[in-house]
Amino acid sequence: MKVAIASGKGGTGKTLLSTNLASYWSKRQPVVLADVDVEEPNDALFLPFSRLNQEDKFKFIPSWHADACILCGQCQEICNFNAIVQLENEIMVFDELCHSCYACSELCPTQALPMIPHKIGELKHSQEGNFSFVESRLRVGEEQAVPLIAQTHQYVDAHFSPQTIMLYDCPPGTSCPMIEATKEADFVILITEPTPFGEHDVKLAMKAMQKTSKTYGVVINRSDAGDDHLRQYCKRNHIPVLATIPFDRQIAILYAQGKLVYEEIPSVRAALDQIIEFIQRL
Ligand code: SF4
Ligand code: SF4
């Protein structure tokens, strides 16, 4: 079972839910949590596990060989991403813009553009008991999160059995990284808060999930801090509200200290129970 945890915007409690749900669920069965919010992963702050494995992640980009090049210009023409520019006597490759499609390399009549590995980030894998944690972090300056997210999914698939509960802490928003992160999920949890901003952004996230034909439900965080519009909207549109987490100052204090909160806050434990039971009934 693959469950993605996403949100229309940041700051709604996605990290809180991901880390606490993964830890709590792992008391019952093996769980892996993958932090695929690769531009800003922060689940590790709450999970100081000992490291099992660490590896660099790469994408392949063309490397220009001046001696072989006849400056025919075909590589610049074929690239849909403006990652190759022909100057008077030179071909420039902009690594960050390259989508590794291989088109220029394969088209080049003189094999002057072989593809070479380019480091885009790092993946770390750690474990404590039944709870495994995988974190991917994009290298500073890299612009494309999608290849690293895709490689993290591949890593999890290769290292964990399908019986393991696989949770993915996804990038916020509705752009390509969020779509890539939720792509393989059997179910998506959208966490939000009952404010006009929260409602607006989660509706965008819902539309994205509808377009990609994902099954999803909503968790309302700080549920007593806003109004009832979101809950009514979900009811009218038959969108399941899996759980609500009331505002509690103690949650904020524990969170700020980098602690998991479910052991001390009964309302969080109750919400996690409801979420797990809902997903297990699917
Ligand atoms: S396609 Fe190959 S030969 Fe032609 S300009 Fe590009 S690198 Fe040079
Ligand atoms: S591999 Fe594809 S995206 Fe990258 S430079 Fe070549 S044509 Fe452009």
# chains A, B, ... in the order shown; residues from 1 in each chain; ligands from 1
call {"tool": "residues_near_ligand", "arguments": {"ligand": "ligand 1", "cutoff": "8 Å", "atoms": "only C-alpha atoms and all ligand atoms", "output": "PDB file with N, CA and C atoms, in the first residue's frame"}}
result
ATOM      1  N   TRP A  64      29.794  18.023 -24.365  1.00  0.00           N
ATOM      2  CA  TRP A  64      30.215  18.412 -25.719  1.00  0.00           C
ATOM      3  C   TRP A  64      31.688  18.104 -25.959  1.00  0.00           C
ATOM      4  N   HIS A  65      31.984  17.424 -27.067  1.00  0.00           N
ATOM      5  CA  HIS A  65      33.355  17.146 -27.467  1.00  0.00           C
ATOM      6  C   HIS A  65      33.690  18.013 -28.677  1.00  0.00           C
ATOM      7  N   ALA A  66      34.433  19.075 -28.433  1.00  0.00           N
ATOM      8  CA  ALA A  66      34.716  20.068 -29.475  1.00  0.00           C
ATOM      9  C   ALA A  66      35.413  19.453 -30.691  1.00  0.00           C
ATOM     10  N   ALA A  68      35.145  16.604 -32.074  1.00  0.00           N
ATOM     11  CA  ALA A  68      34.298  15.821 -32.982  1.00  0.00           C
ATOM     12  C   ALA A  68      33.201  16.664 -33.629  1.00  0.00           C
ATOM     13  N   CYS A  69      32.892  17.801 -33.060  1.00  0.00           N
ATOM     14  CA  CYS A  69      31.728  18.589 -33.490  1.00  0.00           C
ATOM     15  C   CYS A  69      31.971  19.290 -34.830  1.00  0.00           C
ATOM     16  N   ILE A  70      30.962  19.232 -35.720  1.00  0.00           N
ATOM     17  CA  ILE A  70      31.056  19.943 -37.005  1.00  0.00           C
ATOM     18  C   ILE A  70      30.159  21.175 -37.022  1.00  0.00           C
ATOM     19  N   LEU A  71      29.634  21.538 -35.844  1.00  0.00           N
ATOM     20  CA  LEU A  71      28.803  22.747 -35.674  1.00  0.00           C
ATOM     21  C   LEU A  71      27.622  22.784 -36.651  1.00  0.00           C
ATOM     22  N   CYS A  72      26.960  21.634 -36.771  1.00  0.00           N
ATOM     23  CA  CYS A  72      25.818  21.556 -37.691  1.00  0.00           C
ATOM     24  C   CYS A  72      24.557  22.181 -37.101  1.00  0.00           C
ATOM     25  N   GLY A  73      24.511  22.352 -35.785  1.00  0.00           N
ATOM     26  CA  GLY A  73      23.376  23.031 -35.145  1.00  0.00           C
ATOM     27  C   GLY A  73      22.168  22.157 -34.841  1.00  0.00           C
ATOM     28  N   GLN A  74      22.228  20.878 -35.200  1.00  0.00           N
ATOM     29  CA  GLN A  74      21.050  20.016 -35.010  1.00  0.00           C
ATOM     30  C   GLN A  74      20.692  19.824 -33.542  1.00  0.00           C
ATOM     31  N   CYS A  75      21.697  19.793 -32.677  1.00  0.00           N
ATOM     32  CA  CYS A  75      21.423  19.552 -31.251  1.00  0.00           C
ATOM     33  C   CYS A  75      20.616  20.716 -30.665  1.00  0.00           C
ATOM     34  N   GLN A  76      20.969  21.929 -31.027  1.00  0.00           N
ATOM     35  CA  GLN A  76      20.230  23.089 -30.518  1.00  0.00           C
ATOM     36  C   GLN A  76      18.780  23.060 -31.007  1.00  0.00           C
ATOM     37  N   GLN A  86      23.985  27.040 -29.367  1.00  0.00           N
ATOM     38  CA  GLN A  86      25.161  27.088 -30.246  1.00  0.00           C
ATOM     39  C   GLN A  86      25.645  28.526 -30.362  1.00  0.00           C
ATOM     40  N   ILE A  91      29.446  24.855 -28.521  1.00  0.00           N
ATOM     41  CA  ILE A  91      28.131  24.385 -28.066  1.00  0.00           C
ATOM     42  C   ILE A  91      28.134  24.459 -26.541  1.00  0.00           C
ATOM     43  N   CYS A 104      19.469  14.937 -28.302  1.00  0.00           N
ATOM     44  CA  CYS A 104      20.629  15.575 -28.944  1.00  0.00           C
ATOM     45  C   CYS A 104      21.756  14.578 -29.117  1.00  0.00           C
ATOM     46  N   SER A 105      21.964  13.765 -28.096  1.00  0.00           N
ATOM     47  CA  SER A 105      23.066  12.816 -28.118  1.00  0.00           C
ATOM     48  C   SER A 105      22.881  11.796 -29.242  1.00  0.00           C
ATOM     49  N   LEU A 107      20.951  12.146 -31.897  1.00  0.00           N
ATOM     50  CA  LEU A 107      20.851  12.785 -33.217  1.00  0.00           C
ATOM     51  C   LEU A 107      22.208  13.228 -33.756  1.00  0.00           C
ATOM     52  N   CYS A 108      23.104  13.551 -32.888  1.00  0.00           N
ATOM     53  CA  CYS A 108      24.393  14.135 -33.303  1.00  0.00           C
ATOM     54  C   CYS A 108      25.094  13.224 -34.337  1.00  0.00           C
ATOM     55  N   PRO A 109      25.384  13.751 -35.519  1.00  0.00           N
ATOM     56  CA  PRO A 109      25.942  12.897 -36.581  1.00  0.00           C
ATOM     57  C   PRO A 109      27.382  12.463 -36.318  1.00  0.00           C
ATOM     58  N   THR A 110      28.064  13.124 -35.395  1.00  0.00           N
ATOM     59  CA  THR A 110      29.483  12.794 -35.169  1.00  0.00           C
ATOM     60  C   THR A 110      29.755  12.259 -33.756  1.00  0.00           C
ATOM     61  N   GLN A 111      28.694  11.918 -33.030  1.00  0.00           N
ATOM     62  CA  GLN A 111      28.832  11.419 -31.637  1.00  0.00           C
ATOM     63  C   GLN A 111      29.637  12.397 -30.771  1.00  0.00           C
ATOM     64  N   ALA A 112      29.355  13.672 -30.969  1.00  0.00           N
ATOM     65  CA  ALA A 112      30.085  14.701 -30.208  1.00  0.00           C
ATOM     66  C   ALA A 112      29.379  15.059 -28.893  1.00  0.00           C
ATOM     67  N   LEU A 113      28.265  14.363 -28.587  1.00  0.00           N
ATOM     68  CA  LEU A 113      27.523  14.674 -27.355  1.00  0.00           C
ATOM     69  C   LEU A 113      27.223  13.408 -26.542  1.00  0.00           C
TER      70      LEU A 113
END
call {"tool": "residues_near_ligand", "arguments": {"ligand": "ligand 2", "cutoff": "12 Å", "atoms": "only C-alpha atoms and all ligand atoms", "output": "VMD selection string"}}
result
chain A and resid 59 to 64 73 to 86 91 to 108 112 to 118 144
call {"tool": "write_last_selection", "arguments": {"atoms": "N, CA and C atoms", "output": "tab-separated table (two decimals), in the first residue's frame"}}
result
chain	number	residue	atom	x	y	z
A	59	LYS	N	21.60	12.30	-12.82
A	59	LYS	CA	20.88	12.24	-14.09
A	59	LYS	C	21.96	12.30	-15.18
A	60	PHE	N	21.59	11.97	-16.41
A	60	PHE	CA	22.57	11.97	-17.49
A	60	PHE	C	22.38	13.19	-18.38
A	61	ILE	N	23.48	13.86	-18.65
A	61	ILE	CA	23.44	15.07	-19.49
A	61	ILE	C	24.49	14.95	-20.59
A	62	PRO	N	24.29	15.66	-21.71
A	62	PRO	CA	25.29	15.58	-22.79
A	62	PRO	C	26.55	16.36	-22.46
A	63	SER	N	27.66	15.81	-22.89
A	63	SER	CA	28.95	16.49	-22.70
A	63	SER	C	29.54	16.78	-24.09
A	64	TRP	N	29.79	18.02	-24.37
A	64	TRP	CA	30.22	18.41	-25.72
A	64	TRP	C	31.69	18.10	-25.96
A	73	GLY	N	24.51	22.35	-35.79
A	73	GLY	CA	23.38	23.03	-35.14
A	73	GLY	C	22.17	22.16	-34.84
A	74	GLN	N	22.23	20.88	-35.20
A	74	GLN	CA	21.05	20.02	-35.01
A	74	GLN	C	20.69	19.82	-33.54
A	75	CYS	N	21.70	19.79	-32.68
A	75	CYS	CA	21.42	19.55	-31.25
A	75	CYS	C	20.62	20.72	-30.66
A	76	GLN	N	20.97	21.93	-31.03
A	76	GLN	CA	20.23	23.09	-30.52
A	76	GLN	C	18.78	23.06	-31.01
A	77	GLU	N	18.60	22.66	-32.27
A	77	GLU	CA	17.25	22.63	-32.84
A	77	GLU	C	16.36	21.60	-32.17
A	78	ILE	N	16.92	20.44	-31.84
A	78	ILE	CA	16.08	19.35	-31.31
A	78	ILE	C	15.71	19.54	-29.84
A	79	CYS	N	16.51	20.31	-29.09
A	79	CYS	CA	16.26	20.40	-27.65
A	79	CYS	C	15.03	21.25	-27.34
A	80	ASN	N	14.03	20.62	-26.75
A	80	ASN	CA	12.78	21.31	-26.41
A	80	ASN	C	12.91	22.17	-25.16
A	81	PHE	N	14.04	22.05	-24.47
A	81	PHE	CA	14.14	22.71	-23.17
A	81	PHE	C	15.18	23.83	-23.15
A	82	ASN	N	15.65	24.21	-24.34
A	82	ASN	CA	16.67	25.26	-24.46
A	82	ASN	C	17.90	24.99	-23.59
A	83	ALA	N	18.22	23.71	-23.47
A	83	ALA	CA	19.38	23.35	-22.65
A	83	ALA	C	20.67	23.35	-23.45
A	84	ILE	N	20.56	23.50	-24.79
A	84	ILE	CA	21.76	23.55	-25.63
A	84	ILE	C	21.72	24.84	-26.45
A	85	VAL	N	22.81	25.56	-26.45
A	85	VAL	CA	22.90	26.80	-27.23
A	85	VAL	C	24.16	26.74	-28.08
A	86	GLN	N	23.99	27.04	-29.37
A	86	GLN	CA	25.16	27.09	-30.25
A	86	GLN	C	25.65	28.53	-30.36
A	91	ILE	N	29.45	24.85	-28.52
A	91	ILE	CA	28.13	24.39	-28.07
A	91	ILE	C	28.13	24.46	-26.54
A	92	MET	N	27.13	25.14	-26.00
A	92	MET	CA	27.04	25.21	-24.53
A	92	MET	C	25.87	24.37	-24.04
A	93	VAL	N	26.10	23.58	-22.99
A	93	VAL	CA	25.04	22.75	-22.40
A	93	VAL	C	24.71	23.31	-21.02
A	94	PHE	N	23.44	23.61	-20.79
A	94	PHE	CA	23.01	24.10	-19.47
A	94	PHE	C	22.44	22.91	-18.69
A	95	ASP	N	23.30	22.38	-17.81
A	95	ASP	CA	22.98	21.13	-17.11
A	95	ASP	C	21.62	21.17	-16.40
A	96	GLU	N	21.34	22.29	-15.73
A	96	GLU	CA	20.14	22.36	-14.90
A	96	GLU	C	18.86	22.31	-15.74
A	97	LEU	N	18.96	22.74	-17.02
A	97	LEU	CA	17.76	22.75	-17.87
A	97	LEU	C	17.55	21.42	-18.60
A	98	CYS	N	18.58	20.59	-18.63
A	98	CYS	CA	18.51	19.34	-19.40
A	98	CYS	C	17.55	18.35	-18.73
A	99	HIS	N	16.67	17.76	-19.55
A	99	HIS	CA	15.72	16.76	-19.05
A	99	HIS	C	16.16	15.32	-19.37
A	100	SER	N	17.41	15.16	-19.75
A	100	SER	CA	17.97	13.82	-20.00
A	100	SER	C	17.15	13.02	-21.00
A	101	CYS	N	16.71	13.68	-22.07
A	101	CYS	CA	15.89	12.94	-23.04
A	101	CYS	C	16.74	12.18	-24.06
A	102	TYR	N	18.02	12.44	-24.12
A	102	TYR	CA	18.99	11.78	-25.01
A	102	TYR	C	18.85	12.21	-26.48
A	103	ALA	N	17.86	13.06	-26.82
A	103	ALA	CA	17.60	13.37	-28.24
A	103	ALA	C	18.84	13.93	-28.92
A	104	CYS	N	19.47	14.94	-28.30
A	104	CYS	CA	20.63	15.57	-28.94
A	104	CYS	C	21.76	14.58	-29.12
A	105	SER	N	21.96	13.76	-28.10
A	105	SER	CA	23.07	12.82	-28.12
A	105	SER	C	22.88	11.80	-29.24
A	106	GLU	N	21.65	11.33	-29.39
A	106	GLU	CA	21.39	10.30	-30.39
A	106	GLU	C	21.37	10.88	-31.80
A	107	LEU	N	20.95	12.15	-31.90
A	107	LEU	CA	20.85	12.78	-33.22
A	107	LEU	C	22.21	13.23	-33.76
A	108	CYS	N	23.10	13.55	-32.89
A	108	CYS	CA	24.39	14.13	-33.30
A	108	CYS	C	25.09	13.22	-34.34
A	112	ALA	N	29.35	13.67	-30.97
A	112	ALA	CA	30.08	14.70	-30.21
A	112	ALA	C	29.38	15.06	-28.89
A	113	LEU	N	28.26	14.36	-28.59
A	113	LEU	CA	27.52	14.67	-27.35
A	113	LEU	C	27.22	13.41	-26.54
A	114	PRO	N	28.22	12.68	-26.10
A	114	PRO	CA	27.92	11.51	-25.25
A	114	PRO	C	27.28	11.95	-23.93
A	115	MET	N	26.41	11.10	-23.40
A	115	MET	CA	25.73	11.43	-22.14
A	115	MET	C	26.62	11.00	-20.97
A	116	ILE	N	26.77	11.88	-20.00
A	116	ILE	CA	27.60	11.55	-18.83
A	116	ILE	C	26.81	11.82	-17.54
A	117	PRO	N	27.16	11.14	-16.44
A	117	PRO	CA	26.41	11.34	-15.19
A	117	PRO	C	26.66	12.71	-14.57
A	118	HIS	N	25.61	13.27	-13.98
A	118	HIS	CA	25.67	14.58	-13.33
A	118	HIS	C	24.94	14.44	-11.99
A	144	GLN	N	15.57	20.75	-11.09
A	144	GLN	CA	14.54	19.74	-11.38
A	144	GLN	C	14.43	18.71	-10.26
call {"tool": "residues_around", "arguments": {"residues": "A:Asp224", "least_positions_apart": "3", "cutoff": "10 Å", "atoms": "only C-alpha atoms", "output": "list in words"}}
result
Glu193, Pro194, Ile220, Asn221, Asp227, Asp228, Thr244, Ile245, Pro246, Phe247 and Asp248 of chain A
call {"tool": "select_by_dssp", "arguments": {"residues": "stretch 12-235 of chain A", "states": "strand (DSSP E)", "output": "ChimeraX atom specification"}}
result
/A:31-35,50-62,84-86,91-93,115-128,131-138,165-169,187-192,216-221
call {"tool": "atom_distance", "arguments": {"atom1": "atom CA of A:Phe46", "atom2": "atom CA of A:Leu260"}}
result
6.5 Å
